[in-house]
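Enquirer: Have a peek at target-v1.cif (mmCIF, C-alpha atoms).
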data_protein
loop_
_atom_site.group_PDB
_atom_site.id
_atom_site.type_symbol
_atom_site.label_atom_id
_atom_site.label_comp_id
_atom_site.auth_asym_id
_atom_site.auth_seq_id
_atom_site.Cartn_x
_atom_site.Cartn_y
_atom_site.Cartn_z
ATOM 1 C CA MET A 29 -30.125 16.663 -2.838
ATOM 2 C CA SER A 30 -27.419 15.417 -5.176
ATOM 3 C CA ALA A 31 -24.586 13.303 -3.791
ATOM 4 C CA GLU A 32 -21.224 14.940 -3.172
ATOM 5 C CA THR A 33 -18.505 13.694 -5.512
ATOM 6 C CA VAL A 34 -15.281 12.310 -4.049
ATOM 7 C CA ARG A 35 -12.485 11.868 -6.581
ATOM 8 C CA LEU A 36 -10.281 8.931 -5.703
ATOM 9 C CA SER A 37 -7.691 6.722 -7.357
ATOM 10 C CA LEU A 38 -5.923 3.423 -6.930
ATOM 11 C CA PHE A 39 -3.621 1.318 -9.016
ATOM 12 C CA SER A 40 -4.500 -2.163 -10.245
ATOM 13 C CA TRP A 41 -4.229 -4.227 -7.110
ATOM 14 C CA PRO A 42 -6.844 -6.142 -5.083
ATOM 15 C CA GLY A 43 -5.766 -4.604 -1.775
ATOM 16 C CA TYR A 44 -7.234 -1.286 -2.922
ATOM 17 C CA GLY A 45 -10.437 -2.761 -4.334
ATOM 18 C CA PHE A 46 -12.606 -2.036 -1.304
ATOM 19 C CA TRP A 47 -13.543 1.260 -2.927
ATOM 20 C CA PHE A 48 -15.425 -0.723 -5.575
ATOM 21 C CA ILE A 49 -17.427 -2.427 -2.818
ATOM 22 C CA ALA A 50 -18.272 0.938 -1.250
ATOM 23 C CA GLN A 51 -19.422 2.163 -4.655
ATOM 24 C CA GLU A 52 -21.321 -0.975 -5.700
ATOM 25 C CA LYS A 53 -23.124 -1.369 -2.370
ATOM 26 C CA ASN A 54 -23.803 2.355 -1.945
ATOM 27 C CA LEU A 55 -22.241 2.337 1.508
ATOM 28 C CA ALA A 56 -22.144 6.157 1.593
ATOM 29 C CA PRO A 57 -25.475 7.208 0.024
ATOM 30 C CA ASP A 58 -24.671 10.919 0.161
ATOM 31 C CA LEU A 59 -21.311 10.453 -1.567
ATOM 32 C CA GLU A 60 -20.554 9.592 -5.174
ATOM 33 C CA PHE A 61 -17.175 7.912 -5.623
ATOM 34 C CA GLU A 62 -15.465 8.813 -8.872
ATOM 35 C CA ILE A 63 -12.861 6.046 -9.084
ATOM 36 C CA THR A 64 -9.910 6.248 -11.474
ATOM 37 C CA ILE A 65 -7.259 3.577 -11.939
ATOM 38 C CA ILE A 66 -3.848 5.270 -12.166
ATOM 39 C CA GLU A 67 -0.911 2.870 -12.285
ATOM 40 C CA ASP A 68 1.766 5.374 -11.227
ATOM 41 C CA PRO A 69 1.142 6.499 -7.620
ATOM 42 C CA TYR A 70 3.263 9.604 -8.148
ATOM 43 C CA GLU A 71 0.797 10.693 -10.835
ATOM 44 C CA SER A 72 -1.973 10.421 -8.246
ATOM 45 C CA PHE A 73 0.008 12.467 -5.733
ATOM 46 C CA GLY A 74 0.605 15.095 -8.419
ATOM 47 C CA LEU A 75 -3.113 15.301 -9.150
ATOM 48 C CA MET A 76 -3.824 15.658 -5.449
ATOM 49 C CA SER A 77 -1.343 18.533 -5.278
ATOM 50 C CA ALA A 78 -3.214 20.211 -8.140
ATOM 51 C CA ASP A 79 -6.574 19.716 -6.368
ATOM 52 C CA ALA A 80 -7.689 17.377 -9.163
ATOM 53 C CA LEU A 81 -7.966 14.342 -6.866
ATOM 54 C CA ASP A 82 -9.102 13.976 -3.255
ATOM 55 C CA VAL A 83 -8.079 10.500 -2.100
ATOM 56 C CA THR A 84 -5.730 7.736 -3.194
ATOM 57 C CA SER A 85 -4.846 4.273 -1.961
ATOM 58 C CA SER A 86 -1.163 3.459 -2.297
ATOM 59 C CA THR A 87 1.765 1.902 -0.505
ATOM 60 C CA ALA A 88 2.600 3.253 2.931
ATOM 61 C CA GLU A 89 5.875 5.107 2.418
ATOM 62 C CA TYR A 90 5.022 8.429 0.821
ATOM 63 C CA GLY A 91 4.428 10.494 3.974
ATOM 64 C CA PRO A 92 8.087 11.346 4.695
ATOM 65 C CA ILE A 93 8.641 12.314 1.046
ATOM 66 C CA ALA A 94 5.551 14.545 0.993
ATOM 67 C CA ALA A 95 6.591 16.195 4.261
ATOM 68 C CA ASP A 96 10.154 16.792 3.066
ATOM 69 C CA LYS A 97 9.122 18.196 -0.331
ATOM 70 C CA GLY A 98 6.154 20.209 0.899
ATOM 71 C CA VAL A 99 3.615 18.183 -1.094
ATOM 72 C CA PRO A 100 0.063 18.916 0.180
ATOM 73 C CA VAL A 101 -0.830 15.264 0.768
ATOM 74 C CA LYS A 102 -1.235 13.395 4.060
ATOM 75 C CA MET A 103 -1.428 9.762 5.032
ATOM 76 C CA VAL A 104 -4.684 9.397 6.966
ATOM 77 C CA THR A 105 -4.542 5.721 7.929
ATOM 78 C CA TYR A 106 -2.582 2.558 7.367
ATOM 79 C CA THR A 107 -4.855 -0.071 5.767
ATOM 80 C CA ASN A 108 -3.044 -3.414 5.568
ATOM 81 C CA PRO A 109 0.334 -5.069 6.086
ATOM 82 C CA SER A 110 1.822 -7.509 3.608
ATOM 83 C CA TYR A 111 1.838 -11.102 4.863
ATOM 84 C CA GLY A 112 3.454 -12.847 1.935
ATOM 85 C CA THR A 113 2.139 -10.984 -1.089
ATOM 86 C CA ASP A 114 5.536 -9.290 -1.621
ATOM 87 C CA LYS A 115 8.361 -11.316 -3.143
ATOM 88 C CA ILE A 116 11.842 -10.739 -4.526
ATOM 89 C CA VAL A 117 12.239 -12.939 -7.593
ATOM 90 C CA LEU A 118 15.607 -13.774 -9.152
ATOM 91 C CA ALA A 119 16.115 -14.532 -12.833
ATOM 92 C CA PRO A 120 17.442 -17.953 -13.866
ATOM 93 C CA GLY A 121 21.182 -18.155 -13.244
ATOM 94 C CA ILE A 122 21.067 -15.666 -10.359
ATOM 95 C CA ASP A 123 21.637 -17.608 -7.151
ATOM 96 C CA GLY A 124 21.722 -14.784 -4.633
ATOM 97 C CA ALA A 125 22.403 -11.150 -3.864
ATOM 98 C CA GLU A 126 26.108 -11.432 -4.681
ATOM 99 C CA ASP A 127 25.249 -12.308 -8.296
ATOM 100 C CA LEU A 128 23.347 -9.027 -8.667
ATOM 101 C CA LYS A 129 26.371 -6.766 -8.310
ATOM 102 C CA GLY A 130 26.509 -4.490 -11.350
ATOM 103 C CA LYS A 131 23.152 -5.716 -12.609
ATOM 104 C CA SER A 132 19.696 -4.132 -12.897
ATOM 105 C CA VAL A 133 16.881 -4.861 -10.457
ATOM 106 C CA ALA A 134 13.283 -3.728 -10.955
ATOM 107 C CA VAL A 135 11.468 -1.810 -8.225
ATOM 108 C CA LEU A 136 9.076 1.082 -7.918
ATOM 109 C CA GLU A 137 11.544 3.826 -7.006
ATOM 110 C CA GLY A 138 10.266 5.853 -4.089
ATOM 111 C CA GLY A 139 8.112 2.899 -3.067
ATOM 112 C CA LEU A 140 8.298 0.192 -0.457
ATOM 113 C CA THR A 141 9.464 -2.273 -3.104
ATOM 114 C CA GLN A 142 12.731 -0.329 -3.264
ATOM 115 C CA ILE A 143 13.121 -0.486 0.511
ATOM 116 C CA PHE A 144 12.374 -4.223 0.563
ATOM 117 C CA MET A 145 15.004 -4.809 -2.129
ATOM 118 C CA GLY A 146 17.495 -2.560 -0.335
ATOM 119 C CA LYS A 147 17.037 -4.302 3.017
ATOM 120 C CA TRP A 148 17.415 -7.726 1.427
ATOM 121 C CA LEU A 149 20.527 -6.723 -0.498
ATOM 122 C CA GLU A 150 22.231 -5.226 2.547
ATOM 123 C CA ALA A 151 21.273 -8.211 4.720
ATOM 124 C CA ASN A 152 23.076 -10.362 2.177
ATOM 125 C CA GLY A 153 26.223 -8.248 1.939
ATOM 126 C CA VAL A 154 25.447 -6.159 -1.149
ATOM 127 C CA GLY A 155 25.232 -2.365 -0.960
ATOM 128 C CA ILE A 156 22.437 -0.442 -2.655
ATOM 129 C CA ASP A 157 25.090 1.356 -4.707
ATOM 130 C CA GLU A 158 26.298 -1.961 -6.146
ATOM 131 C CA VAL A 159 23.163 -2.586 -8.233
ATOM 132 C CA LYS A 160 21.175 -0.487 -10.676
ATOM 133 C CA PHE A 161 17.605 0.229 -9.608
ATOM 134 C CA THR A 162 15.221 0.290 -12.581
ATOM 135 C CA ASN A 163 11.896 2.040 -11.971
ATOM 136 C CA LEU A 164 9.033 -0.095 -13.344
ATOM 137 C CA ILE A 165 5.363 -0.684 -12.546
ATOM 138 C CA MET A 166 4.394 -4.309 -11.951
ATOM 139 C CA ASP A 167 3.247 -5.259 -15.461
ATOM 140 C CA ASP A 168 6.409 -3.810 -16.961
ATOM 141 C CA ALA A 169 8.587 -5.435 -14.303
ATOM 142 C CA VAL A 170 7.224 -8.869 -15.201
ATOM 143 C CA GLY A 171 8.079 -8.217 -18.858
ATOM 144 C CA ALA A 172 11.534 -6.921 -17.976
ATOM 145 C CA LEU A 173 12.391 -9.970 -15.866
ATOM 146 C CA VAL A 174 11.049 -12.442 -18.420
ATOM 147 C CA GLY A 175 12.778 -10.567 -21.254
ATOM 148 C CA GLY A 176 16.136 -10.487 -19.480
ATOM 149 C CA ASP A 177 16.299 -6.712 -19.060
ATOM 150 C CA VAL A 178 16.612 -7.025 -15.270
ATOM 151 C CA SER A 179 18.139 -9.775 -13.150
ATOM 152 C CA ALA A 180 15.755 -9.493 -10.206
ATOM 153 C CA ALA A 181 12.521 -7.749 -9.329
ATOM 154 C CA GLU A 182 10.256 -7.095 -6.380
ATOM 155 C CA PHE A 183 6.630 -8.045 -6.998
ATOM 156 C CA TRP A 184 3.381 -8.203 -5.126
ATOM 157 C CA GLU A 185 0.752 -10.759 -6.051
ATOM 158 C CA PRO A 186 -0.548 -11.698 -8.513
ATOM 159 C CA PHE A 187 2.472 -10.392 -10.455
ATOM 160 C CA GLY A 188 5.042 -12.482 -8.604
ATOM 161 C CA SER A 189 3.228 -15.693 -9.486
ATOM 162 C CA GLN A 190 2.876 -14.505 -13.082
ATOM 163 C CA ALA A 191 6.628 -13.909 -13.345
ATOM 164 C CA LEU A 192 7.478 -17.292 -11.836
ATOM 165 C CA ALA A 193 5.055 -19.078 -14.175
ATOM 166 C CA ALA A 194 6.385 -17.262 -17.247
ATOM 167 C CA LEU A 195 10.072 -17.772 -16.478
ATOM 168 C CA PRO A 196 11.122 -21.347 -15.710
ATOM 169 C CA GLY A 197 14.133 -21.376 -13.438
ATOM 170 C CA ALA A 198 13.231 -18.113 -11.692
ATOM 171 C CA LYS A 199 13.072 -18.395 -7.918
ATOM 172 C CA VAL A 200 11.891 -16.518 -4.848
ATOM 173 C CA ALA A 201 14.760 -15.094 -2.801
ATOM 174 C CA ALA A 202 12.700 -13.359 -0.098
ATOM 175 C CA SER A 203 9.066 -13.010 0.912
ATOM 176 C CA SER A 204 7.104 -10.830 3.310
ATOM 177 C CA GLN A 205 5.734 -14.077 4.757
ATOM 178 C CA GLU A 206 9.099 -14.651 6.428
ATOM 179 C CA PRO A 207 9.480 -13.823 10.145
ATOM 180 C CA GLY A 208 10.138 -10.174 10.936
ATOM 181 C CA TRP A 209 7.966 -8.529 8.313
ATOM 182 C CA ILE A 210 4.459 -8.825 9.752
ATOM 183 C CA GLU A 211 5.744 -7.778 13.203
ATOM 184 C CA THR A 212 6.878 -4.414 11.831
ATOM 185 C CA ALA A 213 4.294 -4.031 9.045
ATOM 186 C CA LEU A 214 6.991 -2.202 7.099
ATOM 187 C CA LEU A 215 5.506 -3.464 3.834
ATOM 188 C CA GLY A 216 1.899 -2.389 3.526
ATOM 189 C CA ASP A 217 -0.637 0.104 2.276
ATOM 190 C CA ALA A 218 -2.266 3.326 3.304
ATOM 191 C CA MET A 219 -4.958 5.840 2.457
ATOM 192 C CA TYR A 220 -3.944 9.392 1.531
ATOM 193 C CA MET A 221 -5.995 12.571 1.264
ATOM 194 C CA SER A 222 -5.083 15.976 -0.120
ATOM 195 C CA ASP A 223 -4.645 18.888 2.258
ATOM 196 C CA ALA A 224 -7.385 20.761 0.399
ATOM 197 C CA PHE A 225 -9.851 17.906 0.918
ATOM 198 C CA LEU A 226 -8.949 17.550 4.596
ATOM 199 C CA GLU A 227 -9.176 21.264 5.312
ATOM 200 C CA GLN A 228 -12.154 22.242 3.163
ATOM 201 C CA HIS A 229 -14.285 19.089 3.487
ATOM 202 C CA PRO A 230 -13.503 17.485 6.864
ATOM 203 C CA GLU A 231 -16.937 15.879 7.262
ATOM 204 C CA THR A 232 -16.740 14.391 3.772
ATOM 205 C CA ALA A 233 -13.239 13.111 4.489
ATOM 206 C CA ALA A 234 -14.518 11.264 7.557
ATOM 207 C CA LYS A 235 -17.513 9.862 5.651
ATOM 208 C CA THR A 236 -15.183 8.674 2.907
ATOM 209 C CA MET A 237 -13.001 6.830 5.378
ATOM 210 C CA GLN A 238 -16.047 5.321 7.068
ATOM 211 C CA ALA A 239 -17.275 4.051 3.703
ATOM 212 C CA TYR A 240 -13.926 2.337 3.140
ATOM 213 C CA PHE A 241 -14.041 0.554 6.487
ATOM 214 C CA ASP A 242 -17.707 -0.346 5.956
ATOM 215 C CA ALA A 243 -16.580 -1.956 2.697
ATOM 216 C CA VAL A 244 -13.972 -3.949 4.630
ATOM 217 C CA LEU A 245 -16.702 -5.202 6.974
ATOM 218 C CA TYR A 246 -18.875 -6.116 4.000
ATOM 219 C CA TRP A 247 -15.962 -8.077 2.523
ATOM 220 C CA LYS A 248 -15.357 -9.901 5.798
ATOM 221 C CA ALA A 249 -19.019 -10.960 5.945
ATOM 222 C CA ASN A 250 -19.415 -11.672 2.220
ATOM 223 C CA PRO A 251 -15.966 -12.560 0.849
ATOM 224 C CA THR A 252 -17.129 -14.487 -2.210
ATOM 225 C CA GLU A 253 -19.403 -11.730 -3.501
ATOM 226 C CA ALA A 254 -17.039 -8.960 -2.458
ATOM 227 C CA ASN A 255 -14.041 -10.535 -4.195
ATOM 228 C CA GLN A 256 -16.127 -10.773 -7.351
ATOM 229 C CA ILE A 257 -16.930 -7.051 -7.102
ATOM 230 C CA ILE A 258 -13.228 -6.245 -6.727
ATOM 231 C CA ALA A 259 -12.298 -8.545 -9.612
ATOM 232 C CA HIS A 260 -14.839 -6.833 -11.863
ATOM 233 C CA GLY A 261 -13.622 -3.356 -10.868
ATOM 234 C CA LEU A 262 -10.001 -4.222 -11.611
ATOM 235 C CA ASN A 263 -10.697 -6.509 -14.580
ATOM 236 C CA PHE A 264 -8.810 -9.259 -12.723
ATOM 237 C CA PRO A 265 -9.665 -12.955 -12.499
ATOM 238 C CA VAL A 266 -11.242 -13.757 -9.134
ATOM 239 C CA ALA A 267 -8.393 -16.212 -8.528
ATOM 240 C CA ASP A 268 -5.889 -13.346 -8.672
ATOM 241 C CA VAL A 269 -7.933 -11.365 -6.164
ATOM 242 C CA GLU A 270 -7.971 -14.373 -3.855
ATOM 243 C CA LYS A 271 -4.171 -14.681 -4.077
ATOM 244 C CA VAL A 272 -3.977 -11.314 -2.341
ATOM 245 C CA LEU A 273 -7.084 -11.192 -0.142
ATOM 246 C CA GLY A 274 -7.894 -14.850 0.403
ATOM 247 C CA ALA A 275 -11.388 -16.287 0.157
ATOM 248 C CA SER A 276 -12.515 -16.261 3.788
ATOM 249 C CA GLY A 277 -12.427 -12.626 4.904
ATOM 250 C CA ASP A 278 -9.733 -13.453 7.457
ATOM 251 C CA ILE A 279 -6.020 -12.636 7.693
ATOM 252 C CA HIS A 280 -4.524 -14.257 4.595
ATOM 253 C CA LYS A 281 -1.060 -15.743 5.048
ATOM 254 C CA GLY A 282 0.567 -15.541 1.639
ATOM 255 C CA GLY A 283 -1.343 -12.350 0.866
ATOM 256 C CA ILE A 284 -2.290 -9.431 3.107
ATOM 257 C CA TRP A 285 -3.968 -8.732 6.406
ATOM 258 C CA VAL A 286 -6.831 -6.306 5.762
ATOM 259 C CA PHE A 287 -7.316 -3.982 8.727
ATOM 260 C CA ASP A 288 -10.764 -3.139 9.963
ATOM 261 C CA LYS A 289 -11.224 0.278 11.568
ATOM 262 C CA THR A 290 -10.313 -0.874 15.077
ATOM 263 C CA GLU A 291 -7.131 -2.594 13.889
ATOM 264 C CA ALA A 292 -6.152 0.487 11.891
ATOM 265 C CA ALA A 293 -6.754 2.674 14.954
ATOM 266 C CA LYS A 294 -4.531 0.436 17.082
ATOM 267 C CA TYR A 295 -1.779 0.516 14.486
ATOM 268 C CA MET A 296 -2.026 4.308 14.313
ATOM 269 C CA GLY A 297 -1.938 4.519 18.135
ATOM 270 C CA LEU A 298 -5.457 5.967 18.455
ATOM 271 C CA ALA A 299 -7.079 3.025 20.239
ATOM 272 C CA PRO A 300 -5.789 0.874 23.097
ATOM 273 C CA GLY A 301 -5.131 -2.821 22.855
ATOM 274 C CA GLU A 302 -2.853 -5.270 21.139
ATOM 275 C CA LEU A 303 -2.952 -6.425 17.550
ATOM 276 C CA PRO A 304 -2.599 -10.062 16.433
ATOM 277 C CA LEU A 305 0.603 -11.630 15.101
ATOM 278 C CA GLY A 306 2.928 -9.643 17.357
ATOM 279 C CA LEU A 307 2.241 -6.264 15.752
ATOM 280 C CA PRO A 308 2.657 -3.513 18.400
ATOM 281 C CA ASN A 309 0.157 -0.780 19.133
ATOM 282 C CA GLY A 310 1.204 2.567 17.647
ATOM 283 C CA GLN A 311 3.646 0.943 15.222
ATOM 284 C CA ILE A 312 3.123 3.798 12.739
ATOM 285 C CA LYS A 313 5.739 5.819 14.655
ATOM 286 C CA ASP A 314 8.472 3.246 14.074
ATOM 287 C CA HIS A 315 7.289 2.808 10.481
ATOM 288 C CA TRP A 316 7.714 6.531 9.846
ATOM 289 C CA GLU A 317 11.244 6.551 11.231
ATOM 290 C CA THR A 318 12.337 3.400 9.377
ATOM 291 C CA VAL A 319 10.994 4.642 6.054
ATOM 292 C CA THR A 320 12.634 8.022 6.621
ATOM 293 C CA ASP A 321 15.965 6.312 7.310
ATOM 294 C CA TRP A 322 15.773 4.546 3.957
ATOM 295 C CA TRP A 323 14.668 7.612 1.992
ATOM 296 C CA ILE A 324 17.633 9.528 3.395
ATOM 297 C CA LYS A 325 19.884 6.616 2.375
ATOM 298 C CA PHE A 326 18.397 6.601 -1.137
ATOM 299 C CA GLY A 327 18.616 10.407 -1.359
ATOM 300 C CA LEU A 328 14.864 10.894 -1.790
ATOM 301 C CA VAL A 329 14.501 13.182 1.229
ATOM 302 C CA ASP A 330 16.898 15.835 2.462
ATOM 303 C CA LYS A 331 15.843 16.108 6.075
ATOM 304 C CA ARG A 332 14.033 14.061 8.703
ATOM 305 C CA GLN A 333 10.548 15.452 9.341
ATOM 306 C CA PRO A 334 8.229 14.848 12.303
ATOM 307 C CA MET A 335 5.451 12.357 11.651
ATOM 308 C CA GLU A 336 2.819 15.059 12.155
ATOM 309 C CA ALA A 337 4.121 16.785 9.007
ATOM 310 C CA GLY A 338 2.969 13.889 6.825
ATOM 311 C CA VAL A 339 0.195 12.157 8.775
ATOM 312 C CA ASP A 340 -3.258 13.520 9.628
ATOM 313 C CA MET A 341 -5.380 11.209 11.775
ATOM 314 C CA THR A 342 -8.358 13.568 12.001
ATOM 315 C CA PRO A 343 -10.709 11.533 9.757
ATOM 316 C CA LEU A 344 -9.880 8.330 11.652
ATOM 317 C CA LYS A 345 -10.426 10.050 14.996
ATOM 318 C CA THR A 346 -13.790 11.349 13.774
ATOM 319 C CA THR A 347 -14.961 7.917 12.631
ATOM 320 C CA LEU A 348 -13.875 6.384 15.941
ATOM 321 C CA GLU A 349 -15.723 9.034 17.962
ATOM 322 C CA SER A 350 -18.879 8.695 15.883
ATOM 323 C CA ALA A 351 -18.980 4.965 16.647
ATOM 324 C CA GLN A 352 -18.839 5.510 20.411
#
So, in terms of structure tokens, how does the structure I just supplied come out?
Expert:
Amino acid sequence: MSAETVRLSLFSWPGYGFWFIAQEKNLAPDLEFEITIIEDPYESFGLMSADALDVTSSTAEYGPIAADKGVPVKMVTYTNPSYGTDKIVLAPGIDGAEDLKGKSVAVLEGGLTQIFMGKWLEANGVGIDEVKFTNLIMDDAVGALVGGDVSAAEFWEPFGSQALAALPGAKVAASSQEPGWIETALLGDAMYMSDAFLEQHPETAAKTMQAYFDAVLYWKANPTEANQIIAHGLNFPVADVEKVLGASGDIHKGGIWVFDKTEAAKYMGLAPGELPLGLPNGQIKDHWETVTDWWIKFGLVDKRQPMEAGVDMTPLKTTLESAQ
């Protein structure tokens, strides 16, 4: 019997590279992963709406937007919180938030980078309507900051380090390594599946998720080899992968904390027990509400939607039950 094809996407970032491990190590023998790198997550969500893509890995803020706009895409699990990989970098001559009034700042609009920038600005006395948000993917944001087109930008690694190295005098104004971020896991990533995939291929959806978490376990046990697989898949230097994931398979301060299946289930409120680093069980509920608050503030959603309208935990529940 031929393997069933699963069409999935990610953008160029090591935190999503576990799909390459699942593919390389054939962790789901009856599935064939057709992996496409798409740098704009909204392009991936559009393809999912058109039933041209089944799964994507992206940042963990799209659920409230999809629910509000009726987009047939669901978050199916949170996958990792940022533990220092995210940084707000200021151009030379910019000493703080006050200096950004009337100036352009680079973010991914409709992404967690915009929320991070907004929270930092407001915490430092600057309203989100007092700066100009410029929508740029990471590569372009580095170029814009170095070229003087924007006065600040939000980056995740390795792009933050690249910007700092290329622009003497630039400095970090805020980082997700600072207290308060890991305890809320506001900045982080998720897995999304299309409604069509979830409804028409529920068993395949669960197998796909299981393959992802099996890849995480493989990485934890074999971090050197696994990071090399991810680096090859992304065409990144291994050193850049290690900036995000670390080299030990453990929680990486300065990068991200990669959830295994049990940790993801605790975060999603499907399994009992506490998580490390002060992260509460069932935190996804507060995450949904906080993100919704910001999307209303930014005018990206019109109405608050219940979490169930944008989150489907069925594949995660199935993988948990199959392991018992």
Enquirer: Could you list, as a ChimeraX atom specification, every residue within 12 Å of range 172-179 of chain A, counting only C-alpha atoms and ignoring same-chain residues fewer than 2 positions away?
Expert: /A:116-135,159-170,181-183,187-188,190-199
Enquirer: Report, in Å with one decimal, the straight-line distance from CA of Ser72 in chain A to CA of Ser222 in chain A.
Expert: 10.3 Å
Enquirer: So what does the PyMOL selection byres ((chain A and resi 32-40) around 9) actually pick up in this one, as a ChimeraX atom specification?
Expert: /A:30-31,41-45,47,58-69,72,80-86,221,232-233,236,262-264
Enquirer: Step by step, work through what the PyMOL selection byres ((chain A and resi 313-318) around 9) selects in the shown file, and finish by giving those residues as a PDB file with C-alpha atoms, in the frame of the given file.
Expert:
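Saved as out-v6.pdb:
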ATOM      1  CA  ALA A  88       2.600   3.253   2.931  1.00  0.00           C
ATOM      2  CA  GLU A  89       5.875   5.107   2.418  1.00  0.00           C
ATOM      3  CA  GLY A  91       4.428  10.494   3.974  1.00  0.00           C
ATOM      4  CA  PRO A  92       8.087  11.346   4.695  1.00  0.00           C
ATOM      5  CA  THR A 212       6.878  -4.414  11.831  1.00  0.00           C
ATOM      6  CA  ALA A 213       4.294  -4.031   9.045  1.00  0.00           C
ATOM      7  CA  LEU A 214       6.991  -2.202   7.099  1.00  0.00           C
ATOM      8  CA  MET A 296      -2.026   4.308  14.313  1.00  0.00           C
ATOM      9  CA  GLY A 297      -1.938   4.519  18.135  1.00  0.00           C
ATOM     10  CA  GLY A 310       1.204   2.567  17.647  1.00  0.00           C
ATOM     11  CA  GLN A 311       3.646   0.943  15.222  1.00  0.00           C
ATOM     12  CA  ILE A 312       3.123   3.798  12.739  1.00  0.00           C
ATOM     13  CA  VAL A 319      10.994   4.642   6.054  1.00  0.00           C
ATOM     14  CA  THR A 320      12.634   8.022   6.621  1.00  0.00           C
ATOM     15  CA  ASP A 321      15.965   6.312   7.310  1.00  0.00           C
ATOM     16  CA  TRP A 322      15.773   4.546   3.957  1.00  0.00           C
ATOM     17  CA  TRP A 323      14.668   7.612   1.992  1.00  0.00           C
ATOM     18  CA  ARG A 332      14.033  14.061   8.703  1.00  0.00           C
ATOM     19  CA  PRO A 334       8.229  14.848  12.303  1.00  0.00           C
ATOM     20  CA  MET A 335       5.451  12.357  11.651  1.00  0.00           C
TER      21      MET A 335
END
Enquirer: Can you pull out every residue within 7 Å of range 241-251 of chain A, counting only C-alpha atoms, but drop anything in the same chain fewer than 6 positions away, and send it as a ChimeraX atom specification?
Expert: /A:46,49-50,55,275-278,288-289
